[in-house]
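First up is the structure itself, then whatever we jot down about it.
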Amino acid sequence: MKETVFTGSACAIVTPFDETGKLDLKALKRQIDFQIDNGTKALVVCGTTGEASTLNLRERRQMIKSAVRFVDGRVPVIAGTGSNCTQTAVRLSEAAELSGADALLMVTPYYNKCSQEGLVGHYGYIAERTELPIIVYNVPSRTGVDIKPETYLELSKIENIVATKEANGNISALAETMSLCGDELNIYCGNDDQTAAFTAMGAKGVISVMANILPAETAELAESGIIGNIGRSVQLQLKYLELCKCLFCDVNPIPVKEAMYLLGYDSGVTRLPLTRTKRANREKIELTLKKYGLLNS
């Protein structure tokens, strides 16, 4: 049986920037305390939601080291270290390990569109060069690559590849992966709108965008499914479905940063090439937050 990095809800935390566009570590500390105080079981830094692709190596190390310091052992800190260059992923992983991360989240190589054999070679090469547990991240809508169930079986044979964040939206493929890998690969949901379905099938939890603004509710949704209270998990999933969709009305993390600003958790705007969303989306986000009672009407 593989190591379980966390069980429940992990927040894919946004990277806060100040008015000059630099890292805002005071805001990061506030976000981390808010998350842990409200039931979040792990924090993912420098992931897609954290705009990792626009952070340089110094900023990535600063984010990870700061998160480790602010968390102070309360929950695991998972560092995003994926790249479409295998050697770059190794360097990022080594830096994350030196910075004190507890685990790695590693997206599939993007743009290259490598083969399934290439995926096994890529992850295997990196795994040999770090002692940290690795969570593979499969998100074909962003990368153009989809990990097949048979490939997951091969990856599960690598000792420190312990889990996947699955965001391909394919429940049938998920079932096949679970059947093939059993306890040798933990599954985390990568889409907020599928958390109830994933946990009902045996997933260990969710790596969530919605948790940035609703950590307690996201934690309850995930944990209800994990303990077998499927009715409550489904109830919460349906309740927050509109909000989940709203947070993806534009490219992540543009909408969630807008929502955080409206709710008083200002983390700055996204870095180029991402820009602020158009007015229609801003109005939609504001109306949705009001509908859920998160903003005054």
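If you're wondering about the labels, chains in the structure tokens are A, B, ... by order shown, residues count from 1 in each chain, ligands from 1 in order shown.
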What's the 8 Å shell around Ala167 of chain A, counting only C-alpha atoms, without same-chain residues fewer than 5 positions away, as a PyMOL selection string? chain A and resi 137-140+189-191
Can you tell me, as a ChimeraX atom specification, what residues are no more than 12 Å from Leu119 of chain A when counting only C-alpha atoms, ignoring any on the same chain fewer than 2 positions away? /A:83-86,106-110,112-117,121-126,136-138,145-148,150-152,154-155
Could you pull out the alpha helix (DSSP H) residues of segment 263-292 of chain A from DSSP and send them as a PyMOL selection string? chain A and resi 279-291
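Counting only C-alpha atoms, the residue from A:Arg271, A:Leu236, A:Ala196, A:Arg30 that sits nearest to Thr54 of chain A is A:Arg271.
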Per DSSP on the backbone, filter segment 121-197 of chain A down to the residues in strand (DSSP E) and report them as a PyMOL selection string. chain A and resi 134-138+161-166+186-189
For Arg142 of chain A, the nearest of the candidates A:Thr81, A:Ser224, A:Asn252, A:Thr130, counting only C-alpha atoms: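 Of A:Thr81, A:Ser224, A:Asn252, A:Thr130, the one nearest Arg142 of chain A, counting only C-alpha atoms, is A:Asn252.
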Of the listed residues A:Thr164, A:Asn38, A:Asn281, A:Ser156, that which approaches Val5 of chain A most closely, counting only C-alpha atoms: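 Closest to Val5 of chain A, using only C-alpha atoms: A:Thr164.
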Show me, as a tab-separated table, the residues of segment 150-261 of chain A having an atom within 6 Å of segment 10-15 of chain A, each with the closest atom pair and its distance in Å, using only C-alpha atoms.
residue	atom	partner	partner_atom	distance
A:Ile207	CA	A:Ala10	CA	4.7
A:Ser208	CA	A:Cys11	CA	5.0
A:Val209	CA	A:Ala12	CA	5.6
A:Ala211	CA	A:Cys11	CA	5.4
Extract, using only C-alpha atoms, all DNA, RNA and protein residues at most 7 Å from Ile187 of chain A, discarding same-chain residues fewer than 5 positions from it, and format them as a list in words. Ala163, Thr164, Lys165, Ala203 and Lys204 of chain A
Test item: residues at most 12 Å from Arg279 of chain A, only C-alpha atoms, excluding those fewer than 4 positions along its chain, as a list in words: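 Once the nearby chain positions are removed, what remains is Cys249, Asp250, Pro255, Glu258, Glu283, Lys284, Ile285 and Glu286 of chain A.
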Counting only C-alpha atoms, the option among A:Asn186, A:Ser9, A:Asn56, A:Thr199 closest to Leu23 of chain A: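 Distance minimum relative to Leu23 of chain A lands on A:Asn56.
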Write out as JSON, numbers by chain each polymer residue whose atoms come within 12 Å of Leu294 of chain A, counting only C-alpha atoms; drop sequence neighbours fewer than 2 positions from it. {"A": [213, 214, 243, 259, 260, 262, 263, 264, 285, 286, 287, 288, 289, 290, 291, 292, 296, 297]}
Write the selection just made, keeping all heavy atoms, as a compact mmCIF listing (two decimals), in the first residue's frame?
# COMPACT_ATOMS: atom_id res chain seq x y z
N ILE A 213 -11.84 29.93 -1.43
CA ILE A 213 -12.86 30.81 -0.85
C ILE A 213 -13.80 30.09 0.10
O ILE A 213 -14.38 30.72 0.97
CB ILE A 213 -13.66 31.54 -1.94
CG1 ILE A 213 -14.39 30.56 -2.87
CG2 ILE A 213 -12.76 32.46 -2.76
CD1 ILE A 213 -15.35 31.23 -3.83
N LEU A 214 -13.95 28.77 -0.03
CA LEU A 214 -14.84 27.99 0.83
C LEU A 214 -14.12 26.75 1.36
O LEU A 214 -14.49 25.62 1.04
CB LEU A 214 -16.10 27.57 0.07
CG LEU A 214 -17.14 28.64 -0.26
CD1 LEU A 214 -18.32 28.03 -1.01
CD2 LEU A 214 -17.63 29.34 1.00
N LEU A 243 -21.38 27.49 -8.23
CA LEU A 243 -20.18 28.22 -7.85
C LEU A 243 -18.94 27.58 -8.48
O LEU A 243 -18.05 28.29 -8.97
CB LEU A 243 -20.05 28.25 -6.33
CG LEU A 243 -18.83 28.98 -5.78
CD1 LEU A 243 -18.81 30.44 -6.22
CD2 LEU A 243 -18.78 28.88 -4.26
N ALA A 259 -12.88 36.53 -7.28
CA ALA A 259 -13.78 36.22 -6.16
C ALA A 259 -13.11 36.56 -4.83
O ALA A 259 -13.74 37.10 -3.92
CB ALA A 259 -14.18 34.75 -6.20
N MET A 260 -11.83 36.23 -4.70
CA MET A 260 -11.12 36.52 -3.46
C MET A 260 -11.05 38.03 -3.21
O MET A 260 -11.19 38.50 -2.07
CB MET A 260 -9.72 35.90 -3.50
CG MET A 260 -9.75 34.38 -3.46
SD MET A 260 -8.12 33.63 -3.64
CE MET A 260 -7.41 33.99 -2.03
N LEU A 262 -13.25 40.26 -4.20
CA LEU A 262 -14.59 40.70 -3.80
C LEU A 262 -14.89 40.32 -2.36
O LEU A 262 -15.62 41.04 -1.66
CB LEU A 262 -15.64 40.09 -4.73
CG LEU A 262 -15.64 40.61 -6.17
CD1 LEU A 262 -16.52 39.74 -7.05
CD2 LEU A 262 -16.11 42.06 -6.21
N LEU A 263 -14.33 39.21 -1.90
CA LEU A 263 -14.58 38.72 -0.55
C LEU A 263 -13.62 39.30 0.49
O LEU A 263 -13.71 38.97 1.67
CB LEU A 263 -14.51 37.19 -0.53
CG LEU A 263 -15.61 36.47 -1.32
CD1 LEU A 263 -15.30 34.98 -1.41
CD2 LEU A 263 -16.97 36.70 -0.67
N GLY A 264 -12.71 40.16 0.06
CA GLY A 264 -11.79 40.79 1.00
C GLY A 264 -10.51 40.05 1.22
O GLY A 264 -9.75 40.38 2.15
N ILE A 285 -19.48 36.63 -11.46
CA ILE A 285 -18.86 36.17 -10.22
C ILE A 285 -19.49 36.87 -9.02
O ILE A 285 -19.83 36.24 -8.02
CB ILE A 285 -17.33 36.42 -10.27
CG1 ILE A 285 -16.69 35.52 -11.35
CG2 ILE A 285 -16.69 36.16 -8.91
CD1 ILE A 285 -15.28 35.93 -11.72
N GLU A 286 -19.68 38.17 -9.13
CA GLU A 286 -20.28 38.93 -8.02
C GLU A 286 -21.70 38.46 -7.74
O GLU A 286 -22.07 38.25 -6.57
CB GLU A 286 -20.28 40.42 -8.35
CG GLU A 286 -20.78 41.29 -7.22
CD GLU A 286 -20.61 42.77 -7.49
OE1 GLU A 286 -20.11 43.13 -8.58
OE2 GLU A 286 -20.98 43.58 -6.62
N LEU A 287 -22.49 38.26 -8.77
CA LEU A 287 -23.87 37.80 -8.59
C LEU A 287 -23.91 36.40 -7.97
O LEU A 287 -24.76 36.11 -7.12
CB LEU A 287 -24.60 37.81 -9.93
CG LEU A 287 -25.00 39.19 -10.48
CD1 LEU A 287 -25.53 39.06 -11.91
CD2 LEU A 287 -26.04 39.85 -9.58
N THR A 288 -23.00 35.54 -8.40
CA THR A 288 -22.97 34.17 -7.86
C THR A 288 -22.59 34.18 -6.39
O THR A 288 -23.19 33.46 -5.57
CB THR A 288 -21.98 33.30 -8.67
OG1 THR A 288 -22.36 33.32 -10.05
CG2 THR A 288 -21.99 31.87 -8.16
N LEU A 289 -21.60 34.99 -6.01
CA LEU A 289 -21.22 35.10 -4.61
C LEU A 289 -22.38 35.62 -3.76
O LEU A 289 -22.61 35.16 -2.63
CB LEU A 289 -20.01 36.00 -4.46
CG LEU A 289 -18.68 35.49 -5.06
CD1 LEU A 289 -17.61 36.55 -4.95
CD2 LEU A 289 -18.23 34.20 -4.40
N LYS A 290 -23.14 36.56 -4.31
CA LYS A 290 -24.31 37.07 -3.60
C LYS A 290 -25.39 35.99 -3.45
O LYS A 290 -26.03 35.86 -2.41
CB LYS A 290 -24.86 38.29 -4.32
CG LYS A 290 -24.00 39.54 -4.18
CD LYS A 290 -24.58 40.71 -4.96
CE LYS A 290 -23.73 41.96 -4.76
NZ LYS A 290 -24.24 43.11 -5.55
N LYS A 291 -25.56 35.21 -4.51
CA LYS A 291 -26.55 34.14 -4.47
C LYS A 291 -26.27 33.15 -3.35
O LYS A 291 -27.19 32.63 -2.71
CB LYS A 291 -26.60 33.41 -5.82
CG LYS A 291 -27.59 32.26 -5.87
CD LYS A 291 -27.65 31.65 -7.25
CE LYS A 291 -28.63 30.49 -7.27
NZ LYS A 291 -28.74 29.88 -8.62
N TYR A 292 -24.99 32.90 -3.10
CA TYR A 292 -24.60 31.97 -2.05
C TYR A 292 -24.48 32.63 -0.68
O TYR A 292 -24.05 32.00 0.29
CB TYR A 292 -23.28 31.28 -2.42
CG TYR A 292 -23.47 30.16 -3.42
CD1 TYR A 292 -23.37 30.39 -4.77
CD2 TYR A 292 -23.75 28.87 -3.00
CE1 TYR A 292 -23.53 29.38 -5.70
CE2 TYR A 292 -23.91 27.84 -3.92
CZ TYR A 292 -23.81 28.11 -5.26
OH TYR A 292 -23.99 27.08 -6.17
N ASN A 296 -22.91 40.67 0.44
CA ASN A 296 -24.19 41.33 0.69
C ASN A 296 -24.81 41.78 -0.63
O ASN A 296 -24.12 42.23 -1.53
CB ASN A 296 -23.99 42.55 1.58
CG ASN A 296 -23.57 42.16 2.98
OD1 ASN A 296 -23.98 41.11 3.49
ND2 ASN A 296 -22.76 43.00 3.62
N SER A 297 -26.11 41.62 -0.74
CA SER A 297 -26.83 42.01 -1.96
C SER A 297 -26.95 43.53 -2.04
O SER A 297 -26.96 44.22 -1.04
CB SER A 297 -28.22 41.39 -1.99
OG SER A 297 -28.12 39.99 -1.98
Name the residues in contact with Gly205 of chain A at a cut-off of 6 Å, using only C-alpha atoms, excluding same-chain residues fewer than 3 positions from it; report them as an MDAnalysis selection string. chainID A and resid 7:9 188 222
8 Å contact set for Asn160 of chain A, only C-alpha atoms, chain neighbours under 4 positions out, as a ChimeraX atom specification: /A:127,131-134
Could you tell me which of A:Lys157, A:Lys41, A:Lys278, A:Lys245 comes closest to Ala216 of chain A if we count only C-alpha atoms?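 Of the candidates, the smallest distance to Ala216 of chain A is held by A:Lys41.
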